[in-house]
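Peer 1: The structure that follows is given in the form of structure tokens.
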Amino acid sequence: MLSSFLLLQARPVQSEPQNGEPTKQEAPTPGVGAAQIGPAAELTQVPIGYIKQEVKRLIPLSRLHVEPEDYGIAGAQLALKDDNTTGRFIKQQFALDVERVPIGGDAVAALQRLVASEHHFVLVDAPADTLLRLSDSVKDKDVLLFNVRAEDENLREEDCRANVLHTAPDRYMLADALAQYLVWKKWQRWLVVKGVFPEDVAYLEAIRRAASRFGSTIVEEREYKEAPGARRSDSGEQQIQQQMPVFTQGAPAYDVLIVADEREVFGPYLPFRTWDPRPVGGTTGLTAMSWHPAHEQWGATQMQNRFQRLANRFMWPVDYQAWIAVRAIGEGATRAGTAAFAPINNYIRGKDFDLAAFKGQKVTFRQWDGQLRQPILVVGPDLPVSTSPQPGFLHQDAEIDTLGIDAPESKCKFK
Amino acid sequence: MRLKQILVPVIAAIGGLTGIPAAAVAYTVYVSNEKGNSISVIVSASLQVKQTIPVGQRPRGIMLTRDGKSLLICASDEDTVQILDVTTNEIVGTLPSGPDPEQLNIHPSGSPVYIANEDDALMTAIDLATRKVVAEVPVGVEPEGVGISPDGKILIATSETSNMAHFIDTGTYEIVDNVLVGSRPRFAEFTADGSQLWVTSEVAGTVSVIDAKTRKIIKTIGFEIPGVQAENMQPVGVRILEGGSKAFVALGPANHIAVIDAKTLEVERYLLVGQRVWQLALTPDEKLLFATNGNSNDVSVIDVPSLTVVKSMPVGSAPWGVAISQK
């Protein structure tokens, strides 16, 4: 039992021994995969690019949340395997070429290299400003970019780009998914604790918007101003145990505390330490995300198993978002029956495109801003709690469009 | 003899009055309860649950052997297929299915048994007498539905992530064709004359009717019910009457069964059943259709001649598969 508990909790940096867990069927099955593909000359090649812009990140408070080296890339690799298993039946072969751009490196040059070597479809794991520079640098070329990481609204709104599709959910979608669940629970009075960084402000804005959309009240916004310090100290947790109750003392009556702390400076200190005994959600505690390693609904178990066998770690949201992007490209190539850019691009963006993505309904791209519409998991630390949209949040066309930016409110004008 | 001649119409008349049709033959209906780890045994004549048999973890796809002596049960979380002796109602053995078996089918001759291994992208053929694997066929990602042509020559695997129906020659175990269908194909069923293959696509919300000879899609059938959102239209189980007059398609969270004119391939009507209806089975006389409702923990019974839902029967937790005896 203990070992399985650890297995579920862990978010290892790299493959770690799993305390006596037997290694699962690692042996490749004869005849499966590339070995079956015929002579290369008969194959249609579909090269896919991946740009990973390295970013300096604070060490998270919890070592469970340290990012794996191959975060995102492993998801793309799994989808590549899936695409190639399908492709061998119709003589298509997919390849993935990763460009890792160091901090301060030139992401645009990396993209130019990929484009020069016939990569028409490129996944981008980069901050919003880098993504925009990449998009503008290939404006007149046959290139489609997939944003697998950036949650920023501006990329879907005033800064939306015709050559970018977003498999990463935006903050509005995530906040709406959480808010719908809280409203369904009738936990509609929120005490908000906010950090000071730009992402925290953006997340807070999404929370405020969700509160007003779905009928919740923010009873107070309280700012956590402490500068991030060393996350460990030899005196243990005593200080935090004193500080957090005091910090959350004297709040108006509330049902749930919402944290806006994307960099994980203080958020994980709040659960179980609030002055009033209240649940915690937002960027910590009850959290909205596209994927969680304990998600097993709608056939997801198979995906989790395949991923863990491939990557020797758990699957997290950016892995899933990269998986969707590479699967979308594969699906486009399979359905269009070609490796040519235009038919694949048109298929993915067209009304016939859909993808089975272990969420209980098809995932598709919104015509108005290129955002993937997908159900969002609302999860606790160990298990998913629910999946939004929640029952009762109605929409004239599709309930899934109650999450995020709907067509009538979109500010996107593709350029 | 004389008494029986008199009694049958009388019972039928009573059945008509109470709304419960009296089946002339008492078939045995088996329902796997995915969360209940059990099989509910229903008597078709009385529509009563006779017995609940505890079986392996997470029983899903079930099928009776062609001789009617055993029920094969995909015990998904035990990575095995269990063999239930239907006379003693005891598990008498297992088949080496590989990990996470979900659906299976059996060659018309009685063996081999074909099992889709979702985790390994394989279709496994197992000899029923020796209980040994006789072939493994690499197929697309997440094979699920398993169909077998009435003449036993063509085996079908549907792969949920590759979105294909793979046509496999049962003599050579070679894939002879791959037909692209809608997203997440879950189930494959031949018409009794073997001329068509029907494949349900759960995520696309469609049924592809494929010409079994040319392997071209004749028609893609879509579904529309007022008040039900399109994304909830998720077809899974399908059964076609032997004469080819009608087909039934379970629509998952749309909570309806579509009745399709199998000649014109037009939807005739929708029958309201329980929540998340998945698998279907017809009694051999084609008078009753049983449907498993996974989220309402019951089975809907449909009177086929009148196309009416005549009963909802509580079974175990999360009913999934259904199989009916020949006698």
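Residue names in the structure tokens use chain letters A, B, ... in the order shown, residue numbers from 1 in each chain, and ligand numbers from 1 in the order shown.
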So that I can check the surroundings of Gln92 in chain A, please list as a PyMOL selection string every protein, DNA and RNA residue that reaches within 9 Å of it, counting only C-alpha atoms and ignoring chain neighbours fewer than 4 positions away.
Peer 2: chain A and resi 37+42-46+83-84+86-88+333-334+337-339
Peer 1: Applying 10 Å and only C-alpha atoms, which residues near range 267-281 of chain A remain after dropping the ones on its own chain fewer than 2 positions away? List them as number ranges by chain.
Peer 2: A: 60-62, 178-179, 182, 187, 190-195, 224, 237, 240-251, 253-265, 283-288, 378-380
Peer 1: May I have all residues of range 134-367 of chain A that DSSP, computed from the backbone, assigns to strand (DSSP E or B), given as an MDAnalysis selection string?
Peer 2: chainID A and resid 144:147 164:166 189:194 217:223 256:260 280:282 286:289 355 363:365
Peer 1: Could you write out that same residue set with C-alpha atoms as an mmCIF file, in the first residue's frame?
Peer 2:
```
data_model
loop_
_atom_site.group_PDB
_atom_site.id
_atom_site.type_symbol
_atom_site.label_atom_id
_atom_site.label_comp_id
_atom_site.auth_asym_id
_atom_site.auth_seq_id
_atom_site.Cartn_x
_atom_site.Cartn_y
_atom_site.Cartn_z
ATOM 1 C CA LEU A 144 1.159 26.090 -37.848
ATOM 2 C CA LEU A 145 2.246 26.521 -34.223
ATOM 3 C CA PHE A 146 0.699 24.781 -31.238
ATOM 4 C CA ASN A 147 0.865 26.593 -27.924
ATOM 5 C CA VAL A 164 -1.350 29.498 -33.592
ATOM 6 C CA LEU A 165 -3.666 26.917 -32.049
ATOM 7 C CA HIS A 166 -3.751 26.562 -28.272
ATOM 8 C CA ARG A 189 -18.273 33.331 -0.741
ATOM 9 C CA TRP A 190 -14.608 33.478 -1.567
ATOM 10 C CA LEU A 191 -11.711 34.923 0.401
ATOM 11 C CA VAL A 192 -8.965 35.582 -2.124
ATOM 12 C CA VAL A 193 -5.295 35.557 -1.183
ATOM 13 C CA LYS A 194 -3.127 36.948 -3.948
ATOM 14 C CA THR A 217 -18.810 36.926 -4.174
ATOM 15 C CA ILE A 218 -15.236 37.784 -3.334
ATOM 16 C CA VAL A 219 -15.576 38.862 0.285
ATOM 17 C CA GLU A 220 -12.043 40.226 0.513
ATOM 18 C CA GLU A 221 -8.782 40.222 -1.414
ATOM 19 C CA ARG A 222 -5.735 39.903 0.771
ATOM 20 C CA GLU A 223 -2.227 40.329 -0.571
ATOM 21 C CA VAL A 256 -13.606 28.780 0.517
ATOM 22 C CA LEU A 257 -10.209 30.433 0.344
ATOM 23 C CA ILE A 258 -8.930 31.017 -3.206
ATOM 24 C CA VAL A 259 -5.183 31.358 -3.703
ATOM 25 C CA ALA A 260 -3.605 33.233 -6.626
ATOM 26 C CA VAL A 280 -8.491 25.997 -0.093
ATOM 27 C CA GLY A 281 -8.581 26.150 -3.892
ATOM 28 C CA GLY A 282 -7.114 28.088 -6.813
ATOM 29 C CA LEU A 286 -8.569 22.244 -5.240
ATOM 30 C CA THR A 287 -7.108 23.058 -8.653
ATOM 31 C CA ALA A 288 -8.392 23.119 -12.231
ATOM 32 C CA MET A 289 -6.142 21.495 -14.820
ATOM 33 C CA LEU A 355 -10.211 14.109 -31.284
ATOM 34 C CA VAL A 363 -12.126 17.970 -28.162
ATOM 35 C CA THR A 364 -12.128 20.524 -30.988
ATOM 36 C CA PHE A 365 -10.694 23.950 -31.733
#
```
Peer 1: Counting only C-alpha atoms, a student should be able to say which residues of chain A come within 10 Å of chain B; what is the right answer, written as a PyMOL selection string?
Peer 2: chain A and resi 25+28-33+36+79+81-90+299+301-303+305-306+327+330-331+334-335+352-363+395-400
Peer 1: Calculate how many Å separate CA of Val310 in chain B from CA of Val25 in chain B, rounding to one decimal.
Peer 2: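 That distance, rounded to one decimal, is 17.4 Å.
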Peer 1: Go ahead and compute the interatomic distance for CA of Ala336 in chain A and CA of Arg156 in chain A, in Å to one decimal.
Peer 2: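 Separation between CA of Ala336 in chain A and CA of Arg156 in chain A: 26.9 Å.
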Peer 1: Go ahead and compute the interatomic distance for CA of Gly274 in chain B and CA of Asn295 in chain B, in Å to one decimal.
Peer 2: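 Going from CA of Gly274 in chain B over to CA of Asn295 in chain B covers 7.7 Å.
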Peer 1: What's around Ser76 in chain B at 7 Å? Count only C-alpha atoms, leave out sequence neighbours fewer than 3 positions away in its own chain, and write the answer as a compact mmCIF listing (two decimals) with N, CA and C atoms, in the first residue's frame.
Peer 2:
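Output saved as around.txt:
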```txt
# COMPACT_ATOMS: atom_id res chain seq x y z
N GLN B 57 -12.33 -8.77 -10.57
CA GLN B 57 -12.39 -7.32 -10.48
C GLN B 57 -12.72 -6.68 -11.83
N ARG B 58 -13.66 -5.79 -11.80
CA ARG B 58 -14.04 -4.97 -12.95
C ARG B 58 -14.45 -5.80 -14.18
N PRO B 59 -15.49 -6.59 -14.02
CA PRO B 59 -15.95 -7.36 -15.18
C PRO B 59 -16.61 -6.44 -16.21
N ARG B 60 -16.17 -6.57 -17.47
CA ARG B 60 -16.75 -5.72 -18.53
C ARG B 60 -17.33 -6.61 -19.63
N ASP B 79 -6.50 -8.57 -15.22
CA ASP B 79 -5.74 -8.88 -16.43
C ASP B 79 -5.98 -10.30 -16.92
N THR B 80 -7.23 -10.74 -16.82
CA THR B 80 -7.53 -12.11 -17.24
C THR B 80 -8.97 -12.21 -17.73
N ASP B 100 -5.64 -5.92 -19.02
CA ASP B 100 -6.82 -5.08 -19.19
C ASP B 100 -7.75 -5.50 -20.33
N PRO B 101 -8.20 -6.76 -20.36
CA PRO B 101 -9.12 -7.15 -21.43
C PRO B 101 -10.45 -6.44 -21.27
N GLU B 102 -11.05 -6.05 -22.38
CA GLU B 102 -12.30 -5.30 -22.29
C GLU B 102 -13.43 -5.95 -23.09
```
Peer 1: Leaving out Asp70 in chain A and any residue of its chain fewer than 2 positions from it, which residues lie within 12 Å of it when counting only C-alpha atoms, given as a PyMOL selection string?
Peer 2: chain A and resi 12-15+50+52+54+66-68+72-78+98+100+125+310-316+318-319+322
Peer 1: Would you please extract all alpha helix (DSSP H) residues from range 290-380 of chain A, as assigned by DSSP on the backbone, and give them as a ChimeraX atom specification?
Peer 2: /A:300-311,317-336,341-349
Peer 1: Could you save the residues just selected, with C-alpha atoms, as a PDB file, in the first residue's frame?
Peer 2:
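See selection-v9.pdb below for the written result:
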```pdb
ATOM      1  CA  ALA A 300      -7.691   7.455 -19.468  1.00  0.00           C
ATOM      2  CA  THR A 301      -6.136   4.519 -17.616  1.00  0.00           C
ATOM      3  CA  GLN A 302      -4.678   3.266 -20.888  1.00  0.00           C
ATOM      4  CA  MET A 303      -3.129   6.630 -21.633  1.00  0.00           C
ATOM      5  CA  GLN A 304      -1.648   6.849 -18.112  1.00  0.00           C
ATOM      6  CA  ASN A 305      -0.203   3.337 -18.466  1.00  0.00           C
ATOM      7  CA  ARG A 306       1.262   4.026 -21.891  1.00  0.00           C
ATOM      8  CA  PHE A 307       2.781   7.268 -20.682  1.00  0.00           C
ATOM      9  CA  GLN A 308       4.292   5.798 -17.526  1.00  0.00           C
ATOM     10  CA  ARG A 309       5.848   2.954 -19.499  1.00  0.00           C
ATOM     11  CA  LEU A 310       7.376   5.449 -21.919  1.00  0.00           C
ATOM     12  CA  ALA A 311       8.518   8.184 -19.542  1.00  0.00           C
ATOM     13  CA  PRO A 317      -0.897  18.863 -18.012  1.00  0.00           C
ATOM     14  CA  VAL A 318       1.811  20.055 -20.432  1.00  0.00           C
ATOM     15  CA  ASP A 319       2.491  16.411 -21.367  1.00  0.00           C
ATOM     16  CA  TYR A 320      -1.190  16.039 -22.177  1.00  0.00           C
ATOM     17  CA  GLN A 321      -1.336  19.323 -24.063  1.00  0.00           C
ATOM     18  CA  ALA A 322       1.635  18.268 -26.189  1.00  0.00           C
ATOM     19  CA  TRP A 323       0.053  14.844 -26.713  1.00  0.00           C
ATOM     20  CA  ILE A 324      -3.098  16.491 -28.080  1.00  0.00           C
ATOM     21  CA  ALA A 325      -1.099  18.697 -30.460  1.00  0.00           C
ATOM     22  CA  VAL A 326       0.843  15.786 -31.970  1.00  0.00           C
ATOM     23  CA  ARG A 327      -2.305  13.661 -32.136  1.00  0.00           C
ATOM     24  CA  ALA A 328      -4.118  16.521 -33.901  1.00  0.00           C
ATOM     25  CA  ILE A 329      -1.341  16.664 -36.496  1.00  0.00           C
ATOM     26  CA  GLY A 330      -1.460  12.876 -36.871  1.00  0.00           C
ATOM     27  CA  GLU A 331      -5.213  12.888 -37.202  1.00  0.00           C
ATOM     28  CA  GLY A 332      -5.009  15.661 -39.806  1.00  0.00           C
ATOM     29  CA  ALA A 333      -2.422  13.754 -41.855  1.00  0.00           C
ATOM     30  CA  THR A 334      -4.357  10.477 -41.583  1.00  0.00           C
ATOM     31  CA  ARG A 335      -7.702  11.974 -42.557  1.00  0.00           C
ATOM     32  CA  ALA A 336      -6.263  14.177 -45.293  1.00  0.00           C
ATOM     33  CA  PHE A 341       0.557  21.512 -45.189  1.00  0.00           C
ATOM     34  CA  ALA A 342      -2.665  22.994 -46.529  1.00  0.00           C
ATOM     35  CA  PRO A 343      -4.951  19.933 -46.351  1.00  0.00           C
ATOM     36  CA  ILE A 344      -3.772  19.033 -42.835  1.00  0.00           C
ATOM     37  CA  ASN A 345      -4.035  22.617 -41.639  1.00  0.00           C
ATOM     38  CA  ASN A 346      -7.520  22.931 -43.136  1.00  0.00           C
ATOM     39  CA  TYR A 347      -8.655  19.658 -41.640  1.00  0.00           C
ATOM     40  CA  ILE A 348      -7.486  20.492 -38.103  1.00  0.00           C
ATOM     41  CA  ARG A 349      -9.189  23.886 -38.265  1.00  0.00           C
TER      42      ARG A 349
END
```
Peer 1: Excluding Thr214 in chain B and its own-chain neighbours fewer than 3 positions away, which residues fall within 12 Å of it when counting only C-alpha atoms? Please give them as an MDAnalysis selection string.
Peer 2: chainID B and resid 167 176:179 195:197 209:211 217:218
Peer 1: Those selected residues, please, written with C-alpha atoms and delivered as a compact mmCIF listing (two decimals), in the first residue's frame.
Peer 2:
```
# COMPACT_ATOMS: atom_id res chain seq x y z
CA PHE B 167 -9.96 -6.34 -41.15
CA VAL B 176 -6.09 -7.28 -45.10
CA ASP B 177 -7.56 -3.79 -44.80
CA ASN B 178 -7.95 -0.79 -42.53
CA VAL B 179 -10.99 1.45 -42.73
CA SER B 195 -22.72 -8.13 -46.10
CA GLN B 196 -22.24 -5.15 -43.79
CA LEU B 197 -20.14 -4.21 -40.82
CA VAL B 209 -21.98 1.19 -42.06
CA ILE B 210 -19.25 -0.50 -44.09
CA ASP B 211 -19.69 -2.75 -47.14
CA ILE B 217 -18.30 3.18 -45.99
CA ILE B 218 -21.86 3.03 -47.33
```
Peer 1: Contacts of Asp285 in chain B at 12 Å or less, counting only C-alpha atoms, minus same-chain residues fewer than 5 places along, as JSON, numbers by chain?
Peer 2: {"B": [23, 24, 25, 26, 27, 44, 241, 242, 243, 303, 304, 305, 324, 325, 326, 327]}
Peer 1: Give me the residues near Lys153 in chain B as a compact mmCIF listing (two decimals) with C-alpha atoms, in the first residue's frame, where near means some atom within 10 Å (using only C-alpha atoms) and where sequence neighbours in that chain fewer than 5 positions away do not count.
Peer 2:
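The file below, out.txt, is the result:
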```txt
# COMPACT_ATOMS: atom_id res chain seq x y z
CA HIS B 107 -15.17 -17.77 -33.84
CA PRO B 108 -18.47 -19.26 -35.10
CA ILE B 148 -16.34 -11.67 -36.35
CA PHE B 167 -9.96 -6.34 -41.15
CA ILE B 168 -7.97 -9.43 -40.15
CA ASP B 169 -7.91 -12.73 -42.09
CA THR B 170 -8.61 -15.40 -39.45
CA GLY B 171 -6.67 -17.99 -41.45
CA THR B 172 -3.41 -16.09 -41.82
```
Peer 1: When you count only C-alpha atoms, which of these residues is closest to Ala212 in chain B: B:Gly252, B:Gly147, B:Pro96, B:Pro235?
Peer 2: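 Of all the options, B:Gly147 lies closest to Ala212 in chain B.
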